[in-house]
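Text of final-v8.txt (compact mmCIF, N, CA and C atoms) as supplied:
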# COMPACT_ATOMS: atom_id res chain seq x y z
N MET A 3 4.32 53.34 -17.77
CA MET A 3 3.43 52.55 -18.61
C MET A 3 3.95 52.61 -20.03
N SER A 4 4.22 51.49 -20.61
CA SER A 4 4.78 51.40 -21.95
C SER A 4 3.70 51.50 -23.02
N ILE A 5 4.12 51.50 -24.27
CA ILE A 5 3.16 51.51 -25.38
C ILE A 5 2.19 50.34 -25.22
N SER A 6 2.71 49.18 -24.88
CA SER A 6 1.85 48.00 -24.75
C SER A 6 0.77 48.22 -23.69
N ALA A 7 1.16 48.77 -22.57
CA ALA A 7 0.19 49.02 -21.50
C ALA A 7 -0.78 50.13 -21.89
N ASN A 8 -0.29 51.16 -22.57
CA ASN A 8 -1.16 52.25 -23.02
C ASN A 8 -2.23 51.74 -23.98
N LEU A 9 -1.81 50.89 -24.93
CA LEU A 9 -2.77 50.37 -25.89
C LEU A 9 -3.81 49.47 -25.23
N LYS A 10 -3.36 48.65 -24.30
CA LYS A 10 -4.30 47.78 -23.60
C LYS A 10 -5.28 48.60 -22.77
N LYS A 11 -4.79 49.64 -22.12
CA LYS A 11 -5.66 50.50 -21.32
C LYS A 11 -6.69 51.19 -22.21
N LEU A 12 -6.26 51.67 -23.37
CA LEU A 12 -7.18 52.31 -24.32
C LEU A 12 -8.26 51.32 -24.75
N ARG A 13 -7.83 50.12 -25.12
CA ARG A 13 -8.75 49.10 -25.60
C ARG A 13 -9.77 48.74 -24.52
N GLU A 14 -9.30 48.57 -23.30
CA GLU A 14 -10.21 48.21 -22.21
C GLU A 14 -11.13 49.36 -21.84
N LYS A 15 -10.63 50.59 -21.91
CA LYS A 15 -11.47 51.76 -21.61
C LYS A 15 -12.67 51.83 -22.54
N TYR A 16 -12.43 51.55 -23.82
CA TYR A 16 -13.51 51.62 -24.81
C TYR A 16 -14.15 50.27 -25.08
N ASP A 17 -13.82 49.28 -24.26
CA ASP A 17 -14.41 47.95 -24.35
C ASP A 17 -14.29 47.39 -25.78
N LEU A 18 -13.07 47.50 -26.32
CA LEU A 18 -12.80 47.00 -27.67
C LEU A 18 -12.08 45.67 -27.59
N THR A 19 -12.33 44.83 -28.56
CA THR A 19 -11.55 43.59 -28.68
C THR A 19 -10.24 43.93 -29.39
N GLN A 20 -9.33 42.98 -29.38
CA GLN A 20 -8.10 43.19 -30.13
C GLN A 20 -8.42 43.33 -31.62
N GLN A 21 -9.43 42.62 -32.09
CA GLN A 21 -9.83 42.74 -33.49
C GLN A 21 -10.36 44.14 -33.79
N ASP A 22 -11.15 44.71 -32.86
CA ASP A 22 -11.65 46.07 -33.06
C ASP A 22 -10.50 47.05 -33.23
N LEU A 23 -9.51 46.96 -32.33
CA LEU A 23 -8.36 47.86 -32.40
C LEU A 23 -7.55 47.60 -33.67
N ALA A 24 -7.44 46.34 -34.06
CA ALA A 24 -6.74 45.99 -35.29
C ALA A 24 -7.42 46.64 -36.50
N ASP A 25 -8.74 46.61 -36.54
CA ASP A 25 -9.47 47.22 -37.64
C ASP A 25 -9.22 48.73 -37.70
N ILE A 26 -9.17 49.37 -36.56
CA ILE A 26 -8.91 50.80 -36.50
C ILE A 26 -7.50 51.11 -37.01
N ALA A 27 -6.53 50.28 -36.59
CA ALA A 27 -5.12 50.51 -36.94
C ALA A 27 -4.75 50.00 -38.32
N GLY A 28 -5.62 49.18 -38.91
CA GLY A 28 -5.32 48.63 -40.23
C GLY A 28 -4.32 47.48 -40.19
N VAL A 29 -4.39 46.69 -39.11
CA VAL A 29 -3.48 45.55 -38.94
C VAL A 29 -4.30 44.33 -38.54
N THR A 30 -3.61 43.22 -38.25
CA THR A 30 -4.30 42.01 -37.80
C THR A 30 -4.43 42.02 -36.28
N ASN A 31 -5.33 41.18 -35.78
CA ASN A 31 -5.47 41.07 -34.32
C ASN A 31 -4.22 40.45 -33.71
N LYS A 32 -3.49 39.65 -34.49
CA LYS A 32 -2.22 39.08 -34.00
C LYS A 32 -1.19 40.18 -33.75
N ALA A 33 -1.21 41.21 -34.59
CA ALA A 33 -0.30 42.35 -34.40
C ALA A 33 -0.64 43.07 -33.11
N VAL A 34 -1.93 43.29 -32.85
CA VAL A 34 -2.34 43.96 -31.62
C VAL A 34 -1.92 43.12 -30.41
N SER A 35 -2.09 41.82 -30.49
CA SER A 35 -1.66 40.94 -29.41
C SER A 35 -0.15 41.08 -29.16
N ALA A 36 0.63 41.12 -30.23
CA ALA A 36 2.08 41.28 -30.10
C ALA A 36 2.44 42.63 -29.49
N TRP A 37 1.67 43.67 -29.83
CA TRP A 37 1.91 44.99 -29.23
C TRP A 37 1.65 44.95 -27.73
N GLU A 38 0.51 44.35 -27.37
CA GLU A 38 0.10 44.35 -25.96
C GLU A 38 1.00 43.49 -25.08
N THR A 39 1.60 42.48 -25.65
CA THR A 39 2.52 41.64 -24.87
C THR A 39 3.95 42.18 -24.90
N GLY A 40 4.16 43.23 -25.69
CA GLY A 40 5.48 43.85 -25.75
C GLY A 40 6.45 43.15 -26.70
N LEU A 41 5.96 42.18 -27.47
CA LEU A 41 6.83 41.49 -28.43
C LEU A 41 7.23 42.40 -29.58
N LYS A 42 6.32 43.28 -29.97
CA LYS A 42 6.56 44.22 -31.06
C LYS A 42 5.94 45.55 -30.69
N GLU A 43 6.36 46.59 -31.40
CA GLU A 43 5.76 47.91 -31.24
C GLU A 43 5.09 48.32 -32.54
N PRO A 44 3.99 49.04 -32.43
CA PRO A 44 3.28 49.46 -33.65
C PRO A 44 4.09 50.50 -34.42
N ARG A 45 3.88 50.51 -35.73
CA ARG A 45 4.48 51.54 -36.57
C ARG A 45 3.76 52.86 -36.33
N MET A 46 4.42 53.94 -36.66
CA MET A 46 3.85 55.27 -36.41
C MET A 46 2.52 55.46 -37.14
N GLY A 47 2.38 54.87 -38.33
CA GLY A 47 1.11 55.00 -39.05
C GLY A 47 -0.05 54.40 -38.27
N ALA A 48 0.17 53.26 -37.63
CA ALA A 48 -0.88 52.63 -36.83
C ALA A 48 -1.17 53.46 -35.59
N ILE A 49 -0.14 53.98 -34.98
CA ILE A 49 -0.33 54.84 -33.80
C ILE A 49 -1.14 56.07 -34.18
N GLU A 50 -0.83 56.64 -35.33
CA GLU A 50 -1.55 57.82 -35.78
C GLU A 50 -3.03 57.52 -36.03
N LYS A 51 -3.32 56.39 -36.66
CA LYS A 51 -4.71 56.01 -36.91
C LYS A 51 -5.48 55.85 -35.60
N ILE A 52 -4.86 55.19 -34.63
CA ILE A 52 -5.51 54.97 -33.33
C ILE A 52 -5.72 56.31 -32.63
N ALA A 53 -4.69 57.14 -32.60
CA ALA A 53 -4.80 58.44 -31.94
C ALA A 53 -5.90 59.29 -32.57
N ASN A 54 -5.94 59.31 -33.90
CA ASN A 54 -6.96 60.09 -34.59
C ASN A 54 -8.37 59.60 -34.28
N ARG A 55 -8.55 58.29 -34.24
CA ARG A 55 -9.89 57.73 -33.98
C ARG A 55 -10.42 58.14 -32.61
N PHE A 56 -9.52 58.24 -31.62
CA PHE A 56 -9.96 58.53 -30.26
C PHE A 56 -9.67 59.96 -29.83
N GLY A 57 -9.23 60.79 -30.75
CA GLY A 57 -8.97 62.19 -30.43
C GLY A 57 -7.83 62.37 -29.44
N LEU A 58 -6.80 61.53 -29.57
CA LEU A 58 -5.66 61.58 -28.67
C LEU A 58 -4.44 62.15 -29.39
N LYS A 59 -3.46 62.53 -28.60
CA LYS A 59 -2.15 62.86 -29.15
C LYS A 59 -1.38 61.55 -29.27
N LYS A 60 -0.53 61.45 -30.28
CA LYS A 60 0.29 60.25 -30.43
C LYS A 60 1.11 60.00 -29.17
N SER A 61 1.52 61.07 -28.53
CA SER A 61 2.34 60.94 -27.32
C SER A 61 1.58 60.22 -26.20
N ASN A 62 0.24 60.32 -26.20
CA ASN A 62 -0.54 59.60 -25.18
C ASN A 62 -0.37 58.10 -25.32
N LEU A 63 -0.13 57.64 -26.54
CA LEU A 63 0.05 56.21 -26.77
C LEU A 63 1.50 55.77 -26.58
N ILE A 64 2.42 56.68 -26.82
CA ILE A 64 3.84 56.33 -26.83
C ILE A 64 4.52 56.53 -25.48
N GLU A 65 4.21 57.63 -24.83
CA GLU A 65 4.95 58.01 -23.63
C GLU A 65 4.53 57.22 -22.39
N GLU A 66 5.48 57.09 -21.50
CA GLU A 66 5.23 56.46 -20.21
C GLU A 66 4.07 57.17 -19.52
N ASN A 67 3.08 56.44 -19.08
CA ASN A 67 1.89 56.97 -18.39
C ASN A 67 1.06 57.91 -19.27
N GLY A 68 1.21 57.82 -20.58
CA GLY A 68 0.49 58.71 -21.48
C GLY A 68 -1.02 58.59 -21.37
N MET A 69 -1.51 57.40 -21.15
CA MET A 69 -2.96 57.21 -21.04
C MET A 69 -3.48 57.64 -19.68
N ASP A 70 -2.64 57.61 -18.66
CA ASP A 70 -3.07 58.06 -17.34
C ASP A 70 -3.42 59.53 -17.37
N LEU A 71 -2.74 60.29 -18.21
CA LEU A 71 -3.01 61.71 -18.33
C LEU A 71 -4.31 61.97 -19.08
N THR A 72 -4.75 60.99 -19.84
CA THR A 72 -5.91 61.14 -20.71
C THR A 72 -7.22 60.72 -20.05
N PHE A 73 -7.17 59.63 -19.29
CA PHE A 73 -8.40 59.06 -18.77
C PHE A 73 -8.60 59.35 -17.30
N ASP A 74 -9.78 59.76 -17.00
CA ASP A 74 -10.26 59.81 -15.63
C ASP A 74 -11.33 58.73 -15.59
N GLN A 75 -11.35 57.92 -14.56
CA GLN A 75 -12.16 56.69 -14.53
C GLN A 75 -13.57 56.86 -15.09
N ASN A 76 -14.30 57.87 -14.66
CA ASN A 76 -15.68 58.00 -15.11
C ASN A 76 -15.95 59.32 -15.82
N LYS A 77 -14.98 59.86 -16.51
CA LYS A 77 -15.17 61.11 -17.26
C LYS A 77 -14.97 60.82 -18.74
N GLU A 78 -15.81 61.39 -19.54
CA GLU A 78 -15.62 61.36 -20.98
C GLU A 78 -15.08 62.73 -21.39
N SER A 79 -14.71 62.87 -22.64
CA SER A 79 -14.05 64.10 -23.10
C SER A 79 -14.94 65.33 -22.98
N ASP A 80 -16.23 65.15 -22.85
CA ASP A 80 -17.11 66.30 -22.71
C ASP A 80 -17.20 66.79 -21.27
N GLY A 81 -16.47 66.15 -20.35
CA GLY A 81 -16.46 66.57 -18.96
C GLY A 81 -17.65 66.08 -18.15
N GLU A 82 -18.53 65.34 -18.77
CA GLU A 82 -19.73 64.83 -18.11
C GLU A 82 -19.39 63.62 -17.26
N ASP A 83 -19.99 63.54 -16.07
CA ASP A 83 -19.86 62.33 -15.26
C ASP A 83 -20.82 61.28 -15.79
N TRP A 84 -20.33 60.05 -15.96
CA TRP A 84 -21.14 58.95 -16.45
C TRP A 84 -21.09 57.81 -15.46
N THR A 85 -22.20 57.12 -15.30
CA THR A 85 -22.19 55.92 -14.46
C THR A 85 -21.54 54.80 -15.24
N GLU A 86 -21.14 53.75 -14.54
CA GLU A 86 -20.53 52.60 -15.21
C GLU A 86 -21.50 51.98 -16.21
N GLU A 87 -22.77 51.91 -15.85
CA GLU A 87 -23.80 51.36 -16.75
C GLU A 87 -23.93 52.21 -18.01
N GLU A 88 -23.92 53.53 -17.86
CA GLU A 88 -24.01 54.41 -19.02
C GLU A 88 -22.79 54.26 -19.92
N LEU A 89 -21.60 54.16 -19.31
CA LEU A 89 -20.38 53.97 -20.11
C LEU A 89 -20.43 52.66 -20.88
N ASN A 90 -20.97 51.61 -20.25
CA ASN A 90 -21.11 50.32 -20.95
C ASN A 90 -22.05 50.44 -22.14
N GLU A 91 -23.16 51.19 -21.98
CA GLU A 91 -24.09 51.39 -23.09
C GLU A 91 -23.43 52.19 -24.22
N ILE A 92 -22.68 53.21 -23.86
CA ILE A 92 -21.97 54.02 -24.86
C ILE A 92 -20.98 53.16 -25.62
N ASN A 93 -20.23 52.35 -24.90
CA ASN A 93 -19.25 51.48 -25.54
C ASN A 93 -19.90 50.43 -26.43
N ALA A 94 -21.05 49.90 -26.01
CA ALA A 94 -21.79 48.94 -26.83
C ALA A 94 -22.24 49.61 -28.13
N PHE A 95 -22.68 50.84 -28.03
CA PHE A 95 -23.10 51.57 -29.22
C PHE A 95 -21.91 51.82 -30.15
N LYS A 96 -20.75 52.16 -29.57
CA LYS A 96 -19.55 52.35 -30.38
C LYS A 96 -19.20 51.08 -31.14
N ARG A 97 -19.28 49.93 -30.47
CA ARG A 97 -18.99 48.66 -31.14
C ARG A 97 -19.97 48.41 -32.27
N PHE A 98 -21.25 48.74 -32.04
CA PHE A 98 -22.27 48.57 -33.06
C PHE A 98 -21.95 49.42 -34.30
N ILE A 99 -21.58 50.67 -34.09
CA ILE A 99 -21.25 51.56 -35.20
C ILE A 99 -20.02 51.04 -35.94
N LEU A 100 -19.00 50.60 -35.20
CA LEU A 100 -17.81 50.05 -35.84
C LEU A 100 -18.13 48.83 -36.69
N SER A 101 -19.04 47.98 -36.19
CA SER A 101 -19.39 46.79 -36.96
C SER A 101 -20.14 47.16 -38.23
N LYS A 102 -20.97 48.20 -38.18
CA LYS A 102 -21.67 48.66 -39.38
C LYS A 102 -20.69 49.19 -40.40
N ARG A 103 -19.66 49.91 -39.98
CA ARG A 103 -18.66 50.44 -40.89
C ARG A 103 -17.93 49.32 -41.62
N GLN A 104 -17.68 48.23 -40.92
CA GLN A 104 -16.93 47.12 -41.49
C GLN A 104 -17.73 46.38 -42.55
N HIS A 105 -19.04 46.48 -42.50
CA HIS A 105 -19.88 45.74 -43.43
C HIS A 105 -20.33 46.56 -44.63
N LYS A 106 -19.82 47.77 -44.75
CA LYS A 106 -20.20 48.63 -45.89
C LYS A 106 -19.42 48.27 -47.11
Structure encoded using structure tokens:
Amino acid sequence: MSISANLKKLREKYDLTQQDLADIAGVTNKAVSAWETGLKEPRMGAIEKIANRFGLKKSNLIEENGMDLTFDQNKESDGEDWTEEELNEINAFKRFILSKRQHK
């Protein structure tokens, strides 16, 4: 799994739009699109911002299968089992908080 696939998997796991990930990385949504299609690769600064936001190692984003080592389908970092519905609610709340940050 390449950087492009790792970033897309991260974005889908947290139910983020390309714009959401762009805001986290400090780039445009067009840049995120280019990363996910493999046209370009993110700079280390953007990778660091993304990794820091999600409590990941940069290697999880860069290395082959890096995100597979990080995510278990229905486990969050606290080790708690969550239903799909609960994960959707958590992700909706995350999007809400991110949108509030953007409007400050």
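You can rank A:Asn67, A:Ser6, A:Gln21, A:Asn62 by their closest distance to A:Pro44 using all atoms listed in the file, and at the top of that list sits A:Ser6.
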With DSSP run on the backbone, what are the alpha helix (DSSP H) residues within chain A? I'd like them as a CSV table (one decimal) with N, CA and C atoms, keeping the file's coordinate frame.
chain,number,residue,atom,x,y,z
A,5,ILE,N,4.1,51.5,-24.3
A,5,ILE,CA,3.2,51.5,-25.4
A,5,ILE,C,2.2,50.3,-25.2
A,6,SER,N,2.7,49.2,-24.9
A,6,SER,CA,1.8,48.0,-24.8
A,6,SER,C,0.8,48.2,-23.7
A,7,ALA,N,1.2,48.8,-22.6
A,7,ALA,CA,0.2,49.0,-21.5
A,7,ALA,C,-0.8,50.1,-21.9
A,8,ASN,N,-0.3,51.2,-22.6
A,8,ASN,CA,-1.2,52.2,-23.0
A,8,ASN,C,-2.2,51.7,-24.0
A,9,LEU,N,-1.8,50.9,-24.9
A,9,LEU,CA,-2.8,50.4,-25.9
A,9,LEU,C,-3.8,49.5,-25.2
A,10,LYS,N,-3.4,48.6,-24.3
A,10,LYS,CA,-4.3,47.8,-23.6
A,10,LYS,C,-5.3,48.6,-22.8
A,11,LYS,N,-4.8,49.6,-22.1
A,11,LYS,CA,-5.7,50.5,-21.3
A,11,LYS,C,-6.7,51.2,-22.2
A,12,LEU,N,-6.3,51.7,-23.4
A,12,LEU,CA,-7.2,52.3,-24.3
A,12,LEU,C,-8.3,51.3,-24.8
A,13,ARG,N,-7.8,50.1,-25.1
A,13,ARG,CA,-8.8,49.1,-25.6
A,13,ARG,C,-9.8,48.7,-24.5
A,14,GLU,N,-9.3,48.6,-23.3
A,14,GLU,CA,-10.2,48.2,-22.2
A,14,GLU,C,-11.1,49.4,-21.8
A,15,LYS,N,-10.6,50.6,-21.9
A,15,LYS,CA,-11.5,51.8,-21.6
A,15,LYS,C,-12.7,51.8,-22.5
A,20,GLN,N,-9.3,43.0,-29.4
A,20,GLN,CA,-8.1,43.2,-30.1
A,20,GLN,C,-8.4,43.3,-31.6
A,21,GLN,N,-9.4,42.6,-32.1
A,21,GLN,CA,-9.8,42.7,-33.5
A,21,GLN,C,-10.4,44.1,-33.8
A,22,ASP,N,-11.2,44.7,-32.9
A,22,ASP,CA,-11.6,46.1,-33.1
A,22,ASP,C,-10.5,47.0,-33.2
A,23,LEU,N,-9.5,47.0,-32.3
A,23,LEU,CA,-8.4,47.9,-32.4
A,23,LEU,C,-7.6,47.6,-33.7
A,24,ALA,N,-7.4,46.3,-34.1
A,24,ALA,CA,-6.7,46.0,-35.3
A,24,ALA,C,-7.4,46.6,-36.5
A,25,ASP,N,-8.7,46.6,-36.5
A,25,ASP,CA,-9.5,47.2,-37.6
A,25,ASP,C,-9.2,48.7,-37.7
A,26,ILE,N,-9.2,49.4,-36.6
A,26,ILE,CA,-8.9,50.8,-36.5
A,26,ILE,C,-7.5,51.1,-37.0
A,27,ALA,N,-6.5,50.3,-36.6
A,27,ALA,CA,-5.1,50.5,-36.9
A,27,ALA,C,-4.8,50.0,-38.3
A,31,ASN,N,-5.3,41.2,-35.8
A,31,ASN,CA,-5.5,41.1,-34.3
A,31,ASN,C,-4.2,40.4,-33.7
A,32,LYS,N,-3.5,39.6,-34.5
A,32,LYS,CA,-2.2,39.1,-34.0
A,32,LYS,C,-1.2,40.2,-33.8
A,33,ALA,N,-1.2,41.2,-34.6
A,33,ALA,CA,-0.3,42.4,-34.4
A,33,ALA,C,-0.6,43.1,-33.1
A,34,VAL,N,-1.9,43.3,-32.8
A,34,VAL,CA,-2.3,44.0,-31.6
A,34,VAL,C,-1.9,43.1,-30.4
A,35,SER,N,-2.1,41.8,-30.5
A,35,SER,CA,-1.7,40.9,-29.4
A,35,SER,C,-0.2,41.1,-29.2
A,36,ALA,N,0.6,41.1,-30.2
A,36,ALA,CA,2.1,41.3,-30.1
A,36,ALA,C,2.4,42.6,-29.5
A,37,TRP,N,1.7,43.7,-29.8
A,37,TRP,CA,1.9,45.0,-29.2
A,37,TRP,C,1.6,45.0,-27.7
A,38,GLU,N,0.5,44.4,-27.4
A,38,GLU,CA,0.1,44.4,-26.0
A,38,GLU,C,1.0,43.5,-25.1
A,46,MET,N,4.4,53.9,-36.7
A,46,MET,CA,3.8,55.3,-36.4
A,46,MET,C,2.5,55.5,-37.1
A,47,GLY,N,2.4,54.9,-38.3
A,47,GLY,CA,1.1,55.0,-39.0
A,47,GLY,C,0.0,54.4,-38.3
A,48,ALA,N,0.2,53.3,-37.6
A,48,ALA,CA,-0.9,52.6,-36.8
A,48,ALA,C,-1.2,53.5,-35.6
A,49,ILE,N,-0.1,54.0,-35.0
A,49,ILE,CA,-0.3,54.8,-33.8
A,49,ILE,C,-1.1,56.1,-34.2
A,50,GLU,N,-0.8,56.6,-35.3
A,50,GLU,CA,-1.6,57.8,-35.8
A,50,GLU,C,-3.0,57.5,-36.0
A,51,LYS,N,-3.3,56.4,-36.7
A,51,LYS,CA,-4.7,56.0,-36.9
A,51,LYS,C,-5.5,55.8,-35.6
A,52,ILE,N,-4.9,55.2,-34.6
A,52,ILE,CA,-5.5,55.0,-33.3
A,52,ILE,C,-5.7,56.3,-32.6
A,53,ALA,N,-4.7,57.1,-32.6
A,53,ALA,CA,-4.8,58.4,-31.9
A,53,ALA,C,-5.9,59.3,-32.6
A,54,ASN,N,-5.9,59.3,-33.9
A,54,ASN,CA,-7.0,60.1,-34.6
A,54,ASN,C,-8.4,59.6,-34.3
A,55,ARG,N,-8.6,58.3,-34.2
A,55,ARG,CA,-9.9,57.7,-34.0
A,55,ARG,C,-10.4,58.1,-32.6
A,56,PHE,N,-9.5,58.2,-31.6
A,56,PHE,CA,-10.0,58.5,-30.3
A,56,PHE,C,-9.7,60.0,-29.8
A,60,LYS,N,-0.5,61.4,-30.3
A,60,LYS,CA,0.3,60.2,-30.4
A,60,LYS,C,1.1,60.0,-29.2
A,61,SER,N,1.5,61.1,-28.5
A,61,SER,CA,2.3,60.9,-27.3
A,61,SER,C,1.6,60.2,-26.2
A,62,ASN,N,0.2,60.3,-26.2
A,62,ASN,CA,-0.5,59.6,-25.2
A,62,ASN,C,-0.4,58.1,-25.3
A,63,LEU,N,-0.1,57.6,-26.5
A,63,LEU,CA,0.0,56.2,-26.8
A,63,LEU,C,1.5,55.8,-26.6
A,64,ILE,N,2.4,56.7,-26.8
A,64,ILE,CA,3.8,56.3,-26.8
A,64,ILE,C,4.5,56.5,-25.5
A,86,GLU,N,-21.1,53.8,-14.5
A,86,GLU,CA,-20.5,52.6,-15.2
A,86,GLU,C,-21.5,52.0,-16.2
A,87,GLU,N,-22.8,51.9,-15.8
A,87,GLU,CA,-23.8,51.4,-16.8
A,87,GLU,C,-23.9,52.2,-18.0
A,88,GLU,N,-23.9,53.5,-17.9
A,88,GLU,CA,-24.0,54.4,-19.0
A,88,GLU,C,-22.8,54.3,-19.9
A,89,LEU,N,-21.6,54.2,-19.3
A,89,LEU,CA,-20.4,54.0,-20.1
A,89,LEU,C,-20.4,52.7,-20.9
A,90,ASN,N,-21.0,51.6,-20.2
A,90,ASN,CA,-21.1,50.3,-21.0
A,90,ASN,C,-22.0,50.4,-22.1
A,91,GLU,N,-23.2,51.2,-22.0
A,91,GLU,CA,-24.1,51.4,-23.1
A,91,GLU,C,-23.4,52.2,-24.2
A,92,ILE,N,-22.7,53.2,-23.9
A,92,ILE,CA,-22.0,54.0,-24.9
A,92,ILE,C,-21.0,53.2,-25.6
A,93,ASN,N,-20.2,52.4,-24.9
A,93,ASN,CA,-19.2,51.5,-25.5
A,93,ASN,C,-19.9,50.4,-26.4
A,94,ALA,N,-21.0,49.9,-26.0
A,94,ALA,CA,-21.8,48.9,-26.8
A,94,ALA,C,-22.2,49.6,-28.1
A,95,PHE,N,-22.7,50.8,-28.0
A,95,PHE,CA,-23.1,51.6,-29.2
A,95,PHE,C,-21.9,51.8,-30.2
A,96,LYS,N,-20.8,52.2,-29.6
A,96,LYS,CA,-19.6,52.4,-30.4
A,96,LYS,C,-19.2,51.1,-31.1
A,97,ARG,N,-19.3,49.9,-30.5
A,97,ARG,CA,-19.0,48.7,-31.1
A,97,ARG,C,-20.0,48.4,-32.3
A,98,PHE,N,-21.2,48.7,-32.0
A,98,PHE,CA,-22.3,48.6,-33.1
A,98,PHE,C,-22.0,49.4,-34.3
A,99,ILE,N,-21.6,50.7,-34.1
A,99,ILE,CA,-21.2,51.6,-35.2
A,99,ILE,C,-20.0,51.0,-35.9
A,100,LEU,N,-19.0,50.6,-35.2
A,100,LEU,CA,-17.8,50.0,-35.8
A,100,LEU,C,-18.1,48.8,-36.7
A,101,SER,N,-19.0,48.0,-36.2
A,101,SER,CA,-19.4,46.8,-37.0
A,101,SER,C,-20.1,47.2,-38.2
A,102,LYS,N,-21.0,48.2,-38.2
A,102,LYS,CA,-21.7,48.7,-39.4
A,102,LYS,C,-20.7,49.2,-40.4
A,103,ARG,N,-19.7,49.9,-40.0
A,103,ARG,CA,-18.7,50.4,-40.9
A,103,ARG,C,-17.9,49.3,-41.6
A,104,GLN,N,-17.7,48.2,-40.9
A,104,GLN,CA,-16.9,47.1,-41.5
A,104,GLN,C,-17.7,46.4,-42.6
Non-local contacts of stretch 32-40 of chain A (8 Å; only N, CA and C atoms; under 3 positions in same chain excluded) as an MDAnalysis selection string: chainID A and resid 5:10 20:21 23:24 29 43:44
Rounded to one decimal place, report the atom C of A:Glu86-atom N of A:Phe56 distance in Å. 20.5 Å
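Straight-line separation from atom CA of A:Leu41 to atom CA of A:Ile64: 15.2 Å.
Interatomic distance, atom N of A:Ser101 to atom N of A:Asn31: 15.3 Å.
Nearest residue to A:Ala94 among A:Lys60, A:Ala48, A:Asp17, A:Glu65 is A:Asp17, counting only N, CA and C atoms.
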Do you know which residues are at most 6 Å from A:Ile52 counting only C-alpha atoms, after dropping those on the same chain fewer than 3 positions away, and could you put them as an MDAnalysis selection string? chainID A and resid 27 49 55
Using N, CA and C atoms, can you export the residues from the last selection as an mmCIF file, in the frame of the given file?
data_model
loop_
_atom_site.group_PDB
_atom_site.id
_atom_site.type_symbol
_atom_site.label_atom_id
_atom_site.label_comp_id
_atom_site.auth_asym_id
_atom_site.auth_seq_id
_atom_site.Cartn_x
_atom_site.Cartn_y
_atom_site.Cartn_z
ATOM 1 N N ALA A 27 -6.530 50.280 -36.590
ATOM 2 C CA ALA A 27 -5.120 50.510 -36.940
ATOM 3 C C ALA A 27 -4.750 50.000 -38.320
ATOM 4 N N ILE A 49 -0.140 53.980 -34.980
ATOM 5 C CA ILE A 49 -0.330 54.840 -33.800
ATOM 6 C C ILE A 49 -1.140 56.070 -34.180
ATOM 7 N N ARG A 55 -8.550 58.290 -34.240
ATOM 8 C CA ARG A 55 -9.890 57.730 -33.980
ATOM 9 C C ARG A 55 -10.420 58.140 -32.610
#
